[in-house]
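Visitor: Input structure: data_8.pdb, which contains PDB, C-alpha atoms and all ligand atoms.
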```pdb
ATOM      1  CA  MET B   1      13.700 -17.788  58.862
ATOM      2  CA  SER B   2      14.273 -15.781  62.004
ATOM      3  CA  GLU B   3      11.349 -14.012  63.636
ATOM      4  CA  ASN B   4      12.777 -10.623  62.780
ATOM      5  CA  ALA B   5      13.325 -11.378  59.115
ATOM      6  CA  SER B   6       9.668 -12.170  58.587
ATOM      7  CA  THR B   7       7.932  -9.863  61.020
ATOM      8  CA  GLY B   8       5.840  -7.275  59.210
ATOM      9  CA  ARG B   9       6.402  -8.653  55.723
ATOM     10  CA  ASN B  10       3.416  -8.831  53.393
ATOM     11  CA  VAL B  11       3.185 -12.350  52.008
ATOM     12  CA  VAL B  12       0.692 -13.549  49.390
ATOM     13  CA  VAL B  13       0.217 -17.298  49.031
ATOM     14  CA  THR B  14      -1.937 -18.494  46.145
ATOM     15  CA  GLY B  15      -3.771 -21.741  46.793
ATOM     16  CA  GLY B  16      -3.205 -20.963  50.472
ATOM     17  CA  GLY B  17      -6.497 -22.447  51.649
ATOM     18  CA  THR B  18      -5.402 -26.073  51.360
ATOM     19  CA  GLY B  19      -2.455 -28.459  51.218
ATOM     20  CA  ILE B  20       1.004 -27.082  50.503
ATOM     21  CA  GLY B  21      -0.195 -23.477  50.302
ATOM     22  CA  ARG B  22      -1.836 -23.715  53.681
ATOM     23  CA  ALA B  23       1.393 -25.063  55.206
ATOM     24  CA  VAL B  24       3.346 -22.218  53.580
ATOM     25  CA  ALA B  25       0.847 -19.613  54.807
ATOM     26  CA  THR B  26       0.996 -21.027  58.329
ATOM     27  CA  ARG B  27       4.803 -20.869  58.455
ATOM     28  CA  PHE B  28       4.885 -17.240  57.320
ATOM     29  CA  ALA B  29       2.091 -16.231  59.687
ATOM     30  CA  GLU B  30       3.833 -17.967  62.589
ATOM     31  CA  ALA B  31       6.921 -15.894  61.801
ATOM     32  CA  GLY B  32       4.925 -12.667  62.087
ATOM     33  CA  SER B  33       4.161 -11.887  58.436
ATOM     34  CA  HIS B  34       0.848 -10.445  57.235
ATOM     35  CA  VAL B  35      -0.367 -13.284  55.045
ATOM     36  CA  THR B  36      -3.003 -13.116  52.310
ATOM     37  CA  ILE B  37      -4.284 -16.422  50.964
ATOM     38  CA  VAL B  38      -5.893 -16.588  47.524
ATOM     39  CA  GLY B  39      -8.070 -19.283  45.950
ATOM     40  CA  ARG B  40     -11.365 -19.751  44.166
ATOM     41  CA  ARG B  41     -13.418 -21.178  47.042
ATOM     42  CA  ARG B  42     -14.249 -18.364  49.433
ATOM     43  CA  GLU B  43     -15.561 -20.720  52.121
ATOM     44  CA  VAL B  44     -12.372 -22.803  52.125
ATOM     45  CA  LEU B  45     -10.194 -19.691  52.429
ATOM     46  CA  GLN B  46     -12.377 -18.274  55.193
ATOM     47  CA  ALA B  47     -12.321 -21.538  57.140
ATOM     48  CA  THR B  48      -8.513 -21.711  56.910
ATOM     49  CA  ALA B  49      -8.034 -18.060  57.856
ATOM     50  CA  GLU B  50     -10.499 -18.411  60.726
ATOM     51  CA  GLU B  51      -8.818 -21.544  62.060
ATOM     52  CA  LEU B  52      -5.344 -19.999  61.933
ATOM     53  CA  ARG B  53      -6.674 -16.844  63.542
ATOM     54  CA  THR B  54      -8.589 -18.448  66.395
ATOM     55  CA  LYS B  55      -6.334 -21.418  67.145
ATOM     56  CA  TYR B  56      -2.986 -19.726  66.790
ATOM     57  CA  ASP B  57      -3.821 -16.002  66.709
ATOM     58  CA  LEU B  58      -2.228 -15.659  63.260
ATOM     59  CA  ASP B  59      -2.718 -12.773  60.830
ATOM     60  CA  VAL B  60      -4.267 -14.277  57.665
ATOM     61  CA  THR B  61      -6.560 -12.511  55.158
ATOM     62  CA  PRO B  62      -8.603 -14.475  52.585
ATOM     63  CA  VAL B  63      -9.081 -13.151  49.039
ATOM     64  CA  ALA B  64     -11.314 -15.197  46.724
ATOM     65  CA  CYS B  65     -10.215 -15.126  43.081
ATOM     66  CA  ASP B  66      -9.931 -17.377  40.050
ATOM     67  CA  LEU B  67      -6.325 -16.604  39.202
ATOM     68  CA  ALA B  68      -6.738 -17.849  35.638
ATOM     69  CA  ASP B  69      -9.364 -15.159  34.961
ATOM     70  CA  PRO B  70      -7.935 -11.701  34.173
ATOM     71  CA  ASP B  71     -11.064  -9.855  35.354
ATOM     72  CA  ASP B  72     -10.970 -11.692  38.649
ATOM     73  CA  VAL B  73      -7.251 -10.988  39.032
ATOM     74  CA  GLU B  74      -7.813  -7.309  38.313
ATOM     75  CA  ALA B  75     -10.477  -7.170  41.027
ATOM     76  CA  ALA B  76      -8.338  -9.150  43.478
ATOM     77  CA  LEU B  77      -5.393  -6.786  42.992
ATOM     78  CA  THR B  78      -7.384  -4.075  44.736
ATOM     79  CA  ARG B  79      -7.504  -6.323  47.811
ATOM     80  CA  LEU B  80      -3.876  -7.426  47.768
ATOM     81  CA  PRO B  81      -1.229  -5.418  49.644
ATOM     82  CA  ARG B  82       0.325  -2.416  47.851
ATOM     83  CA  ARG B  83       3.726  -3.780  48.847
ATOM     84  CA  ILE B  84       4.188  -7.522  48.359
ATOM     85  CA  ASP B  85       7.406  -8.704  49.981
ATOM     86  CA  VAL B  86       6.856 -12.341  49.087
ATOM     87  CA  LEU B  87       4.570 -13.827  46.436
ATOM     88  CA  VAL B  88       4.223 -17.603  46.520
ATOM     89  CA  ASN B  89       2.648 -18.882  43.298
ATOM     90  CA  ASN B  90       1.418 -22.204  44.583
ATOM     91  CA  ALA B  91      -2.088 -22.505  43.071
ATOM     92  CA  GLY B  92      -2.374 -25.287  40.532
ATOM     93  CA  SER B  93      -4.020 -28.595  39.787
ATOM     94  CA  ARG B  94      -4.301 -31.419  37.325
ATOM     95  CA  GLU B  95      -7.554 -32.532  35.732
ATOM     96  CA  LEU B  96      -7.526 -36.087  34.408
ATOM     97  CA  ALA B  97     -11.224 -36.540  33.641
ATOM     98  CA  VAL B  98     -11.517 -35.066  30.158
ATOM     99  CA  GLY B  99     -12.886 -36.696  27.028
ATOM    100  CA  ALA B 100     -11.074 -38.172  24.033
ATOM    101  CA  GLY B 101     -10.497 -36.702  20.569
ATOM    102  CA  PRO B 102      -9.303 -33.212  19.691
ATOM    103  CA  HIS B 103     -11.783 -31.543  22.017
ATOM    104  CA  GLY B 104     -10.652 -33.686  24.913
ATOM    105  CA  VAL B 105      -7.005 -32.992  24.099
ATOM    106  CA  LEU B 106      -7.725 -29.281  23.859
ATOM    107  CA  ALA B 107      -9.600 -29.301  27.178
ATOM    108  CA  ARG B 108      -6.718 -31.065  28.898
ATOM    109  CA  TRP B 109      -3.954 -28.852  27.464
ATOM    110  CA  ARG B 110      -5.806 -25.594  27.746
ATOM    111  CA  GLY B 111      -6.977 -26.516  31.231
ATOM    112  CA  ASP B 112      -3.505 -27.439  32.477
ATOM    113  CA  PHE B 113      -1.984 -24.245  31.108
ATOM    114  CA  GLU B 114      -4.783 -22.161  32.598
ATOM    115  CA  ARG B 115      -4.647 -23.948  35.964
ATOM    116  CA  ASN B 116      -0.880 -23.917  36.336
ATOM    117  CA  VAL B 117       0.661 -21.246  34.104
ATOM    118  CA  LEU B 118      -1.904 -18.446  33.975
ATOM    119  CA  THR B 119      -2.590 -18.713  37.721
ATOM    120  CA  ALA B 120       1.032 -17.695  38.321
ATOM    121  CA  VAL B 121       1.710 -15.401  35.388
ATOM    122  CA  LEU B 122      -1.375 -13.144  35.488
ATOM    123  CA  VAL B 123      -0.983 -12.102  39.115
ATOM    124  CA  THR B 124       2.821 -11.901  39.115
ATOM    125  CA  GLU B 125       3.146  -9.785  35.996
ATOM    126  CA  SER B 126       0.274  -7.524  37.046
ATOM    127  CA  ALA B 127       1.815  -6.979  40.489
ATOM    128  CA  ARG B 128       5.432  -6.511  39.406
ATOM    129  CA  ASP B 129       5.571  -2.870  40.569
ATOM    130  CA  ARG B 130       4.566  -3.970  44.082
ATOM    131  CA  PHE B 131       7.734  -5.964  44.796
ATOM    132  CA  PRO B 132      10.218  -3.958  46.874
ATOM    133  CA  GLU B 133      13.974  -4.399  46.866
ATOM    134  CA  GLY B 134      14.622  -7.697  48.643
ATOM    135  CA  GLY B 135      11.301  -9.037  47.358
ATOM    136  CA  ARG B 136      10.764 -12.686  46.523
ATOM    137  CA  VAL B 137       8.709 -14.512  43.925
ATOM    138  CA  ILE B 138       8.574 -18.244  44.563
ATOM    139  CA  THR B 139       6.666 -20.524  42.216
ATOM    140  CA  VAL B 140       5.686 -24.119  42.940
ATOM    141  CA  THR B 141       6.041 -26.469  39.956
ATOM    142  CA  SER B 142       6.549 -30.254  40.025
ATOM    143  CA  VAL B 143       8.948 -33.095  39.435
ATOM    144  CA  ALA B 144       6.661 -33.769  36.451
ATOM    145  CA  ALA B 145       8.226 -30.770  34.681
ATOM    146  CA  LEU B 146      11.416 -32.778  34.258
ATOM    147  CA  ARG B 147      10.018 -36.257  33.969
ATOM    148  CA  GLY B 148       7.144 -36.019  31.507
ATOM    149  CA  GLY B 149       3.649 -35.778  32.860
ATOM    150  CA  GLY B 150       1.978 -34.797  29.568
ATOM    151  CA  SER B 151       0.204 -31.457  29.508
ATOM    152  CA  TYR B 152       0.527 -31.042  33.294
ATOM    153  CA  GLY B 153       4.313 -31.547  33.217
ATOM    154  CA  ALA B 154       4.549 -29.303  30.158
ATOM    155  CA  SER B 155       2.659 -26.548  31.961
ATOM    156  CA  LYS B 156       4.996 -26.766  34.949
ATOM    157  CA  ALA B 157       8.030 -26.793  32.612
ATOM    158  CA  ALA B 158       6.667 -23.625  31.003
ATOM    159  CA  LEU B 159       6.883 -21.986  34.424
ATOM    160  CA  HIS B 160      10.585 -22.891  34.573
ATOM    161  CA  ALA B 161      11.244 -21.025  31.320
ATOM    162  CA  TRP B 162       9.079 -18.118  32.472
ATOM    163  CA  ASN B 163      10.926 -17.937  35.776
ATOM    164  CA  HIS B 164      14.233 -17.470  33.948
ATOM    165  CA  SER B 165      12.975 -14.358  32.198
ATOM    166  CA  LEU B 166      11.179 -13.101  35.307
ATOM    167  CA  ALA B 167      14.404 -13.410  37.314
ATOM    168  CA  ALA B 168      16.249 -11.407  34.638
ATOM    169  CA  GLN B 169      13.550  -8.723  34.560
ATOM    170  CA  LEU B 170      13.147  -8.307  38.315
ATOM    171  CA  GLY B 171      16.799  -8.838  39.280
ATOM    172  CA  PRO B 172      17.763  -5.191  38.723
ATOM    173  CA  GLN B 173      15.079  -4.089  41.218
ATOM    174  CA  GLY B 174      16.542  -6.481  43.810
ATOM    175  CA  VAL B 175      13.863  -9.166  43.562
ATOM    176  CA  THR B 176      14.740 -12.869  43.383
ATOM    177  CA  CYS B 177      12.576 -15.378  41.509
ATOM    178  CA  ASN B 178      12.889 -19.073  42.184
ATOM    179  CA  ILE B 179      11.046 -22.343  41.787
ATOM    180  CA  VAL B 180      10.312 -25.132  44.250
ATOM    181  CA  ALA B 181       9.565 -28.396  42.428
ATOM    182  CA  PRO B 182       7.976 -31.006  44.722
ATOM    183  CA  GLY B 183       7.712 -34.734  44.165
ATOM    184  CA  THR B 184       4.672 -36.559  45.535
ATOM    185  CA  VAL B 185       3.174 -34.780  48.535
ATOM    186  CA  ALA B 186       0.406 -36.451  50.558
ATOM    187  CA  GLY B 187      -2.140 -34.654  52.727
ATOM    188  CA  THR B 188      -3.382 -32.234  50.075
ATOM    189  CA  GLU B 189      -6.378 -32.162  47.723
ATOM    190  CA  PHE B 190      -4.181 -32.646  44.669
ATOM    191  CA  PHE B 191      -4.629 -36.395  44.082
ATOM    192  CA  GLY B 192      -8.039 -36.829  45.665
ATOM    193  CA  ALA B 193      -8.920 -40.523  45.974
ATOM    194  CA  ARG B 194      -6.147 -41.540  43.531
ATOM    195  CA  LEU B 195      -3.561 -41.519  46.302
ATOM    196  CA  ASN B 196      -4.652 -44.721  48.063
ATOM    197  CA  ASP B 197      -2.385 -46.863  50.264
ATOM    198  CA  ALA B 198      -1.018 -48.940  47.367
ATOM    199  CA  GLU B 199      -0.187 -45.831  45.359
ATOM    200  CA  LEU B 200       1.406 -44.172  48.381
ATOM    201  CA  THR B 201       3.629 -47.210  48.935
ATOM    202  CA  ARG B 202       4.582 -47.313  45.266
ATOM    203  CA  ARG B 203       5.484 -43.645  45.230
ATOM    204  CA  ALA B 204       7.380 -43.841  48.520
ATOM    205  CA  GLY B 205       9.440 -46.645  46.958
ATOM    206  CA  ARG B 206      10.552 -44.307  44.165
ATOM    207  CA  THR B 207      12.295 -41.997  46.640
ATOM    208  CA  LEU B 208      15.690 -42.555  48.260
ATOM    209  CA  ILE B 209      14.390 -41.868  51.753
ATOM    210  CA  GLY B 210      11.398 -44.199  51.600
ATOM    211  CA  ARG B 211       8.540 -41.785  52.080
ATOM    212  CA  VAL B 212       6.487 -39.308  50.122
ATOM    213  CA  GLY B 213       6.579 -35.615  50.937
ATOM    214  CA  ARG B 214       4.525 -33.637  53.423
ATOM    215  CA  PRO B 215       3.237 -30.084  52.892
ATOM    216  CA  ALA B 216       5.683 -28.977  55.604
ATOM    217  CA  ASP B 217       8.636 -30.254  53.523
ATOM    218  CA  VAL B 218       7.707 -27.953  50.661
ATOM    219  CA  ALA B 219       6.910 -25.086  53.020
ATOM    220  CA  ALA B 220      10.426 -25.350  54.475
ATOM    221  CA  ALA B 221      11.957 -25.004  51.001
ATOM    222  CA  VAL B 222       9.779 -21.947  50.304
ATOM    223  CA  ILE B 223      10.707 -20.377  53.639
ATOM    224  CA  PHE B 224      14.387 -20.821  52.856
ATOM    225  CA  LEU B 225      14.109 -19.158  49.433
ATOM    226  CA  ALA B 226      12.146 -16.299  51.005
ATOM    227  CA  SER B 227      14.774 -15.695  53.664
ATOM    228  CA  PRO B 228      17.360 -12.900  53.494
ATOM    229  CA  GLU B 229      20.042 -15.616  53.514
ATOM    230  CA  ALA B 230      18.831 -16.760  50.076
ATOM    231  CA  GLY B 231      19.287 -13.312  48.526
ATOM    232  CA  PHE B 232      22.054 -14.436  46.140
ATOM    233  CA  ILE B 233      19.948 -17.270  44.673
ATOM    234  CA  THR B 234      17.742 -16.407  41.719
ATOM    235  CA  GLY B 235      16.469 -18.066  38.546
ATOM    236  CA  GLU B 236      16.899 -21.453  40.250
ATOM    237  CA  ILE B 237      14.849 -24.615  40.647
ATOM    238  CA  LEU B 238      14.970 -26.251  44.078
ATOM    239  CA  GLN B 239      13.959 -29.907  43.790
ATOM    240  CA  CYS B 240      12.067 -31.177  46.844
ATOM    241  CA  ASN B 241      11.400 -34.829  46.075
ATOM    242  CA  GLY B 242      13.178 -37.149  48.533
ATOM    243  CA  GLY B 243      15.632 -38.242  45.850
ATOM    244  CA  GLU B 244      12.931 -39.371  43.436
ATOM    245  CA  LEU B 245      14.738 -37.588  40.603
ATOM    246  CA  LEU B 246      18.451 -36.935  40.855
ATOM    247  CA  GLY B 247      20.852 -34.426  39.450
ATOM    248  CA  ARG B 248      18.657 -31.846  37.791
TER     249      ARG B 248
HETATM  250  N1  LIG V   1       0.578 -32.845  45.979
HETATM  251  C1  LIG V   1       1.541 -33.193  45.154
HETATM  252  O1  LIG V   1       1.966 -34.360  45.107
HETATM  253  C2  LIG V   1       2.202 -32.153  44.285
HETATM  254  C3  LIG V   1       3.371 -32.549  43.618
HETATM  255  C4  LIG V   1       4.024 -31.634  42.804
HETATM  256  C5  LIG V   1       3.515 -30.356  42.660
HETATM  257  N2  LIG V   1       2.368 -30.007  43.306
HETATM  258  C6  LIG V   1       1.888 -28.635  43.121
HETATM  259  O2  LIG V   1       1.755 -28.042  44.390
HETATM  260  C7  LIG V   1       0.786 -26.989  44.320
HETATM  261  C8  LIG V   1      -0.174 -27.115  45.508
HETATM  262  O3  LIG V   1      -0.891 -28.330  45.362
HETATM  263  P1  LIG V   1      -1.408 -29.196  46.603
HETATM  264  O4  LIG V   1      -0.796 -30.523  46.473
HETATM  265  O5  LIG V   1      -1.304 -28.454  47.853
HETATM  266  O6  LIG V   1      -2.935 -29.387  46.160
HETATM  267  P2  LIG V   1      -4.283 -28.663  46.597
HETATM  268  O7  LIG V   1      -4.586 -28.937  48.009
HETATM  269  O8  LIG V   1      -5.281 -29.073  45.562
HETATM  270  O9  LIG V   1      -3.960 -27.109  46.443
HETATM  271  C9  LIG V   1      -4.141 -26.376  45.240
HETATM  272  C10 LIG V   1      -4.708 -25.014  45.615
HETATM  273  O10 LIG V   1      -4.736 -24.202  44.437
HETATM  274  C11 LIG V   1      -5.961 -23.486  44.443
HETATM  275  N3  LIG V   1      -6.289 -23.201  43.045
HETATM  276  C12 LIG V   1      -6.376 -24.083  42.031
HETATM  277  N4  LIG V   1      -6.742 -23.459  40.905
HETATM  278  C13 LIG V   1      -6.889 -22.145  41.213
HETATM  279  C14 LIG V   1      -7.276 -20.995  40.479
HETATM  280  N5  LIG V   1      -7.622 -21.059  39.182
HETATM  281  N6  LIG V   1      -7.315 -19.803  41.113
HETATM  282  C15 LIG V   1      -7.014 -19.712  42.428
HETATM  283  N7  LIG V   1      -6.634 -20.768  43.178
HETATM  284  C16 LIG V   1      -6.591 -21.976  42.577
HETATM  285  C17 LIG V   1      -6.964 -24.431  45.101
HETATM  286  O11 LIG V   1      -8.034 -23.726  45.725
HETATM  287  P3  LIG V   1      -9.464 -23.567  44.966
HETATM  288  O12 LIG V   1      -9.804 -24.915  44.416
HETATM  289  O13 LIG V   1     -10.376 -23.101  46.049
HETATM  290  O14 LIG V   1      -9.238 -22.546  43.919
HETATM  291  C18 LIG V   1      -6.115 -25.102  46.165
HETATM  292  O15 LIG V   1      -6.160 -24.392  47.398
HETATM  293  C19 LIG V   1       0.131 -27.114  42.936
HETATM  294  O16 LIG V   1       0.685 -26.145  42.083
HETATM  295  C20 LIG V   1       0.525 -28.506  42.482
HETATM  296  O17 LIG V   1       0.588 -28.591  41.077
HETATM  297  C21 LIG V   1       1.701 -30.878  44.120
END
```
Would you mind giving the structure from this file in structure tokens?
Guide:
Amino acid sequence: MSENASTGRNVVVTGGGTGIGRAVATRFAEAGSHVTIVGRRREVLQATAEELRTKYDLDVTPVACDLADPDDVEAALTRLPRRIDVLVNNAGSRELAVGAGPHGVLARWRGDFERNVLTAVLVTESARDRFPEGGRVITVTSVAALRGGGSYGASKAALHAWNHSLAAQLGPQGVTCNIVAPGTVAGTEFFGARLNDAELTRRAGRTLIGRVGRPADVAAAVIFLASPEAGFITGEILQCNGGELLGR
């Protein structure tokens, strides 16, 4: 995106304290946007905002909020910009350590839908009157939405269906709504210790270009969809997976 296109835009990046969200927030801030990062851990958000501010003199505001909690979202809305030019719904996670039996199944399914669906839907639908003409809603899902992935993949697939209706609803006010669906991305908190060297090699081997993704790869896709040049693209899913999954 050119400097001018992003200068002065209000950008909200959920999950912007770490990983992919942090890379997205950095790109927008570097381009001159006013960036607000949202997440549950206040200290993580503050450390990220402080580092970007002091090291690079970037304009980043932290807002602590559990985006799956409607009361928290309501409170956070008072701290988010009145005009949101770009909302990046990036917050999400996958919890594997739940018990067996119906209660374990419920915890996993409910948890994945709360962590990945509600974190996008509650804030977006509550802020829909804040998107100006030319506004952008960009939601980060996963290759798992198309390949399985149990309750996590199902929750990301739900966001694809939701994005279709969101694009139809917000289209008449000049707002585009798109998805970026990453494959494996290293250098984030997502996998924790699960992404060891053997697993990285295995996952790199599933791609056509022989490596897993970086947060910057996903950030570049987000930046493109947020650009004025992408104004005729809406209701779409941009796969960002190094050729791990073709043709969808
Ligand atoms: N890494 C991958 O391989 C990969 C692949 C496909 C898709 N993705 C997706 O990419 C997105 C970013 O993940 P990442 O890899 O960058 O992992 P990450 O470093 O764990 O980032 C996730 C961010 O979401 C925030 N978050 C989680 N739940 C939240 C909630 N209820 N309310 C507010 N913020 C919340 C976390 O902050 P707090 O914990 O402080 O709330 C964290 O900053 C996720 O949606 C993930 O599903 C990742």
Visitor: Sorted by chain and rising residue number, list the residues of chain B at most 8 Å from ligand LIG 1 (chain V) (counting all atoms listed in the file), each with its closest atom pair and distance in Å to one decimal, as JSON lines.
Guide:
```
{"residue": "B:Thr14", "atom": "CA", "partner": "V:LIG1", "partner_atom": "N7", "distance": 6.0}
{"residue": "B:Gly15", "atom": "CA", "partner": "V:LIG1", "partner_atom": "O10", "distance": 3.5}
{"residue": "B:Gly16", "atom": "CA", "partner": "V:LIG1", "partner_atom": "O15", "distance": 5.5}
{"residue": "B:Gly17", "atom": "CA", "partner": "V:LIG1", "partner_atom": "O15", "distance": 4.7}
{"residue": "B:Thr18", "atom": "CA", "partner": "V:LIG1", "partner_atom": "O15", "distance": 4.4}
{"residue": "B:Gly19", "atom": "CA", "partner": "V:LIG1", "partner_atom": "O5", "distance": 3.6}
{"residue": "B:Ile20", "atom": "CA", "partner": "V:LIG1", "partner_atom": "O5", "distance": 3.8}
{"residue": "B:Gly21", "atom": "CA", "partner": "V:LIG1", "partner_atom": "O5", "distance": 5.7}
{"residue": "B:Arg22", "atom": "CA", "partner": "V:LIG1", "partner_atom": "O5", "distance": 7.5}
{"residue": "B:Val38", "atom": "CA", "partner": "V:LIG1", "partner_atom": "N7", "distance": 6.1}
{"residue": "B:Gly39", "atom": "CA", "partner": "V:LIG1", "partner_atom": "N7", "distance": 3.5}
{"residue": "B:Arg40", "atom": "CA", "partner": "V:LIG1", "partner_atom": "O14", "distance": 3.5}
{"residue": "B:Arg41", "atom": "CA", "partner": "V:LIG1", "partner_atom": "O13", "distance": 3.7}
{"residue": "B:Arg42", "atom": "CA", "partner": "V:LIG1", "partner_atom": "O13", "distance": 7.0}
{"residue": "B:Val44", "atom": "CA", "partner": "V:LIG1", "partner_atom": "O13", "distance": 6.4}
{"residue": "B:Leu45", "atom": "CA", "partner": "V:LIG1", "partner_atom": "O13", "distance": 7.2}
{"residue": "B:Ala64", "atom": "CA", "partner": "V:LIG1", "partner_atom": "C15", "distance": 7.6}
{"residue": "B:Cys65", "atom": "CA", "partner": "V:LIG1", "partner_atom": "C15", "distance": 5.6}
{"residue": "B:Asp66", "atom": "CA", "partner": "V:LIG1", "partner_atom": "N6", "distance": 3.7}
{"residue": "B:Leu67", "atom": "CA", "partner": "V:LIG1", "partner_atom": "N6", "distance": 3.9}
{"residue": "B:Ala68", "atom": "CA", "partner": "V:LIG1", "partner_atom": "N5", "distance": 4.9}
{"residue": "B:Asp69", "atom": "CA", "partner": "V:LIG1", "partner_atom": "N5", "distance": 7.5}
{"residue": "B:Asn89", "atom": "CA", "partner": "V:LIG1", "partner_atom": "O16", "distance": 7.6}
{"residue": "B:Asn90", "atom": "CA", "partner": "V:LIG1", "partner_atom": "O16", "distance": 4.7}
{"residue": "B:Ala91", "atom": "CA", "partner": "V:LIG1", "partner_atom": "O10", "distance": 3.4}
{"residue": "B:Gly92", "atom": "CA", "partner": "V:LIG1", "partner_atom": "O16", "distance": 3.5}
{"residue": "B:Ser93", "atom": "CA", "partner": "V:LIG1", "partner_atom": "O17", "distance": 4.8}
{"residue": "B:Arg94", "atom": "CA", "partner": "V:LIG1", "partner_atom": "O17", "distance": 6.8}
{"residue": "B:Glu114", "atom": "CA", "partner": "V:LIG1", "partner_atom": "N5", "distance": 7.3}
{"residue": "B:Arg115", "atom": "CA", "partner": "V:LIG1", "partner_atom": "N5", "distance": 5.2}
{"residue": "B:Asn116", "atom": "CA", "partner": "V:LIG1", "partner_atom": "O16", "distance": 6.4}
{"residue": "B:Thr119", "atom": "CA", "partner": "V:LIG1", "partner_atom": "N5", "distance": 5.7}
{"residue": "B:Val140", "atom": "CA", "partner": "V:LIG1", "partner_atom": "O16", "distance": 5.5}
{"residue": "B:Thr141", "atom": "CA", "partner": "V:LIG1", "partner_atom": "C5", "distance": 5.4}
{"residue": "B:Ser142", "atom": "CA", "partner": "V:LIG1", "partner_atom": "C4", "distance": 4.0}
{"residue": "B:Val143", "atom": "CA", "partner": "V:LIG1", "partner_atom": "C4", "distance": 6.1}
{"residue": "B:Ala144", "atom": "CA", "partner": "V:LIG1", "partner_atom": "C4", "distance": 7.2}
{"residue": "B:Lys156", "atom": "CA", "partner": "V:LIG1", "partner_atom": "O17", "distance": 7.8}
{"residue": "B:Ala181", "atom": "CA", "partner": "V:LIG1", "partner_atom": "C5", "distance": 6.4}
{"residue": "B:Pro182", "atom": "CA", "partner": "V:LIG1", "partner_atom": "C4", "distance": 4.4}
{"residue": "B:Gly183", "atom": "CA", "partner": "V:LIG1", "partner_atom": "C3", "distance": 4.9}
{"residue": "B:Thr184", "atom": "CA", "partner": "V:LIG1", "partner_atom": "O1", "distance": 3.5}
{"residue": "B:Val185", "atom": "CA", "partner": "V:LIG1", "partner_atom": "O1", "distance": 3.7}
{"residue": "B:Ala186", "atom": "CA", "partner": "V:LIG1", "partner_atom": "N1", "distance": 5.8}
{"residue": "B:Gly187", "atom": "CA", "partner": "V:LIG1", "partner_atom": "N1", "distance": 7.5}
{"residue": "B:Thr188", "atom": "CA", "partner": "V:LIG1", "partner_atom": "O7", "distance": 4.1}
{"residue": "B:Glu189", "atom": "CA", "partner": "V:LIG1", "partner_atom": "O7", "distance": 3.7}
{"residue": "B:Phe190", "atom": "CA", "partner": "V:LIG1", "partner_atom": "O6", "distance": 3.8}
{"residue": "B:Phe191", "atom": "CA", "partner": "V:LIG1", "partner_atom": "N1", "distance": 6.6}
{"residue": "B:Gly213", "atom": "CA", "partner": "V:LIG1", "partner_atom": "O1", "distance": 7.5}
{"residue": "B:Pro215", "atom": "CA", "partner": "V:LIG1", "partner_atom": "O5", "distance": 7.0}
```
Visitor: I would like the residues chosen by the PyMOL selection byres (((chain B and resi 9) around 9) and not hetatm) on the shown file; could you give them as number ranges by chain?
Guide: B: 5-8, 10-11, 28, 32-35, 83-86
Visitor: What box, with edges along x, y and z, holds each listed atom of region 171-183 of chain B when 3 Å is added on every side, and can you state its centre and edge lengths in Å to one decimal, as JSON?
Guide:
```
{"center_x": 12.7, "center_y": -19.4, "center_z": 41.7, "size_x": 16.1, "size_y": 36.6, "size_z": 12.0}
```
Visitor: Rounded to one decimal, what separation in Å do you get between CA of Gly205 (chain B) and CA of Gly148 (chain B)?
Guide: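 Distance between the two atoms: 18.9 Å.
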Visitor: Please check which residues have atoms at most 9 Å from (18.4, -22.2, 41.9) in the file's coordinates, counting only C-alpha atoms, and write them as a list in words.
Guide: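 Looking at atoms near the point gives Cys177, Asn178, Ile179, Val180, Ile233, Thr234, Gly235, Glu236, Ile237 and Leu238 of chain B.
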Visitor: Just say which residues the PyMOL selection byres (((chain B and resi 232) around 12) and not hetatm) picks in this file, as a PyMOL selection string.
Guide: chain B and resi 134+136+167+171+174-178+225-231+233-236
Visitor: CA of Trp162 (chain B) and CA of Ala216 (chain B) are how many Å apart?
Guide: 25.8 Å
Visitor: Neighbouring residues of Glu244 (chain B) were defined as those with any atom within 9 Å, considering all atoms listed in the file; residues of the same chain fewer than 2 positions away were excluded. Please report them as a count of residues only.
Guide: 14
Visitor: Rounded to one decimal, what separation in Å do you get between CA of Ala100 (chain B) and CA of Arg194 (chain B)?
Guide: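 Value for the CA of Ala100 (chain B)-CA of Arg194 (chain B) distance: 20.4 Å.
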Visitor: Go through B:Leu200, B:Val218, B:Val137, B:Leu245 and flag the residue nearest His164 (chain B), using all atoms listed in the file for the distances.
Guide: B:Val137
Visitor: Any idea what's packed within 10 Å of Thr124 (chain B), counting all atoms listed in the file, ignoring anything in its chain fewer than 2 positions away? Could you give it as an NGL selection string?
Guide: :B and (87-89 or 118-122 or 126-131 or 137 or 139 or 166)
Visitor: Taking the file as shown, what set of residues would the PyMOL selection byres (((chain B and resi 61) around 8) and not hetatm) give back, as a PyMOL selection string?
Guide: chain B and resi 34-37+49+59-60+62-63
Visitor: For each of B:Ile223, B:Ala154, B:Val98, B:Leu146, take the minimum atom-to-atom distance to Glu30 (chain B), counting all atoms listed in the file, then give the residue where this is smallest.
Guide: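 Under the stated criterion, the closest residue is B:Ile223.
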Visitor: Taking only C-alpha atoms into account, which of B:Leu159, B:Ala23, B:Ile138, B:Ala97 comes nearest Phe113 (chain B)?
Guide: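 Ranked by minimum distance to Phe113 (chain B), first place goes to B:Leu159.
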Visitor: Which residue, B:Leu96, B:Ala161, B:Ala193, B:Val212, has the smallest gap to Gly149 (chain B) when you use only C-alpha atoms?
Guide: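 Of the candidates, the smallest distance to Gly149 (chain B) is held by B:Leu96.
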